[in-house]
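**Q** Take this structure first; my questions come after.
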Amino acid sequence: MELRNYGNTGMKVSTLGFGGSEIRDASKADVELLLNRALDAGLNMIDTAECYGDSEEKIGDVLGHRRQEYFLFTKCGHAAGVNGPDWDAKVLEQTIDRSLKRLKTDYVDVVHLHSCSEEVLRQGDVIEVLQRAKEAGKTRFIGYSGDTTDALYAIQTGVFDSLETSLNIADQEAIELTLPEARKRNMGIIAKRPIANVAWMYDKVTEEDYAYHYWKRLNELKYDFLTEEAQRVVEIALRFTLSTEGVHTAIVGTVKPDRWQQNAELVAKGQLEQELYDAIRVRWKEVARADWTGRI
């Protein structure tokens, strides 16, 4: 597994990271098998959040004894069971402490603000909470997770070490809007939703489905490679995201014990062929509308 320097943090992260959202619906036994196999195969970066059900607890339970073998990122902002409104300073402090307890650790490597608005950022309270957590040693670095102009403002504050943002074959706004600004500041950059929720696999979806917007976009983009064998499409999607300048790691969630290793083998093929990468970018610029913004 290739390792990349994560901005100015000094961390060298695996290009393929693990996203902890989906394991909220998995058995502890499956999560234990999945994550231990992934660590054995070269994974060293795990991302989760306070609002992903019992994801943090499962990660803490099955990997607490291997804490020094991986970088651990979580997110805060949503009350998620703590009394008070989202983005309240006291709520954030409580959820950060709760995350450490759930994860069975004294510190995380990065805490990201979880998709808060520019309006909330401008008030300053949420940033101060993260800065205090960093000063107290609860997190080594602080970051922002989100998209569009909210993410751009967060980057331009200059206070964050890390950016987590949507980037894939159906979501390319960040390539021109935010990634250049993040690179200027040598921020660590995580691509979330790097395989577009495999939306091309669905014959039909409803507006309530998580993959709906990507499904609609892909039906208009009509990339030639979408007709190829399923594994090949996943490969192209992953390698496209990881071939984008500035991206250090891409997080993929799964509940299948062997899936991370399968994805790792695809990523190991390296940079996407430049001709194909350029063709995807050209097609996006031809088809994408102004409202095809980054999906939170």
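Each chain in the structure tokens gets a letter, A, B and so on, in the order shown; residues start at 1 in every chain, and ligands are counted from 1 in the order they appear.
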Using only C-alpha atoms, which residues sit within 12 Å of A:Arg232 once same-chain residues fewer than 2 positions away are excluded, as a PyMOL selection string?
**A** chain A and resi 195+198+225-230+234-239+262-263+265-267+269+272
**Q** Show me, as a PDB file with C-alpha atoms, in the first residue's frame, the residues that have an atom within 12 Å of A:Lys28 when counting only C-alpha atoms, minus same-chain residues fewer than 2 positions from it.
**A**
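Resulting contents of result.pdb:
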```pdb
ATOM      1  CA  ILE A  23     -20.097  -0.532  10.120  1.00  0.00           C
ATOM      2  CA  ARG A  24     -22.869   0.831  12.323  1.00  0.00           C
ATOM      3  CA  ASP A  25     -25.033  -1.888  10.745  1.00  0.00           C
ATOM      4  CA  ALA A  26     -22.446  -4.681  10.980  1.00  0.00           C
ATOM      5  CA  ASP A  30     -17.492  -8.890  11.092  1.00  0.00           C
ATOM      6  CA  VAL A  31     -15.961  -5.520  12.014  1.00  0.00           C
ATOM      7  CA  GLU A  32     -13.189  -7.237  13.967  1.00  0.00           C
ATOM      8  CA  LEU A  33     -12.361  -9.479  11.019  1.00  0.00           C
ATOM      9  CA  LEU A  34     -12.588  -6.654   8.497  1.00  0.00           C
ATOM     10  CA  LEU A  35     -10.451  -4.086  10.307  1.00  0.00           C
ATOM     11  CA  ASN A  36      -7.776  -6.463  11.529  1.00  0.00           C
ATOM     12  CA  ASP A  54     -21.917   2.800  17.260  1.00  0.00           C
ATOM     13  CA  SER A  55     -19.080   3.030  14.716  1.00  0.00           C
ATOM     14  CA  GLU A  56     -16.670   4.655  17.168  1.00  0.00           C
ATOM     15  CA  GLU A  57     -17.404   2.057  19.842  1.00  0.00           C
ATOM     16  CA  LYS A  58     -16.856  -0.836  17.445  1.00  0.00           C
ATOM     17  CA  ILE A  59     -13.553   0.585  16.256  1.00  0.00           C
ATOM     18  CA  GLY A  60     -12.439   1.079  19.846  1.00  0.00           C
ATOM     19  CA  ASP A  61     -13.516  -2.400  20.854  1.00  0.00           C
ATOM     20  CA  VAL A  62     -11.816  -4.280  18.023  1.00  0.00           C
ATOM     21  CA  LEU A  63      -8.728  -2.121  17.444  1.00  0.00           C
ATOM     22  CA  VAL A 255     -18.978  -4.274   5.903  1.00  0.00           C
ATOM     23  CA  PRO A 257     -14.327  -8.557   5.413  1.00  0.00           C
TER      24      PRO A 257
END
```
**Q** What is the atom CA of A:His112 to atom CA of A:Arg132 distance in Å?
**A** 13.5 Å
**Q** Please measure the separation of atom CA of A:His114 and atom CA of A:Gly146, giving the value in Å to one decimal.
**A**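 Separation of atom CA of A:His114 and atom CA of A:Gly146: 6.7 Å.
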**Q** For the atom pair atom CA of A:Asn44 and atom CA of A:Cys116, what is the interatomic distance in Å to one decimal place?
**A** 26.9 Å
**Q** From the set A:Ala170, A:Ala182, A:Val126, A:Ile175, which residue has the shortest atom-to-atom contact distance to A:Arg283, counting only C-alpha atoms?
**A**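 Closest residue, counting only C-alpha atoms: A:Ala170.
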**Q** Near A:Glu173, counting only C-alpha atoms, which residues have an atom at most 10 Å away, once you skip same-chain residues fewer than 6 positions from it, shown as a PDB file with C-alpha atoms, in the first residue's frame?
**A**
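Dumped everything to selection-v8.pdb:
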```
ATOM      1  CA  ASP A 147     -17.907  20.853   0.475  1.00  0.00           C
ATOM      2  CA  THR A 148     -18.689  23.838  -1.740  1.00  0.00           C
ATOM      3  CA  SER A 166     -16.313  14.760  -1.737  1.00  0.00           C
ATOM      4  CA  LEU A 167     -14.472  13.874  -4.932  1.00  0.00           C
ATOM      5  CA  LEU A 179      -8.239  21.704  -3.707  1.00  0.00           C
ATOM      6  CA  TRP A 284     -17.465  16.541 -16.707  1.00  0.00           C
ATOM      7  CA  LYS A 285     -16.792  20.059 -18.004  1.00  0.00           C
ATOM      8  CA  ALA A 288     -21.866  19.359 -15.438  1.00  0.00           C
ATOM      9  CA  ALA A 290     -23.855  24.892 -12.052  1.00  0.00           C
ATOM     10  CA  ASP A 291     -25.955  23.051  -9.440  1.00  0.00           C
ATOM     11  CA  TRP A 292     -23.712  19.963  -9.565  1.00  0.00           C
ATOM     12  CA  THR A 293     -21.944  21.045  -6.416  1.00  0.00           C
ATOM     13  CA  GLY A 294     -20.093  18.878  -3.930  1.00  0.00           C
ATOM     14  CA  ARG A 295     -22.377  16.457  -2.097  1.00  0.00           C
TER      15      ARG A 295
END
```
**Q** With only C-alpha atoms as the basis for distance, which of A:Tyr214, A:Ser243, A:Ile296, A:Gly64 is at the shortest distance from A:Ala151?
**A**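 Between A:Tyr214, A:Ser243, A:Ile296, A:Gly64, the residue approaching A:Ala151 most closely is A:Ile296.
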**Q** Out of stretch 175-260 of chain A, which residues get strand (DSSP E or B) from DSSP, as number ranges by chain?
**A** A: 188-192, 249-252
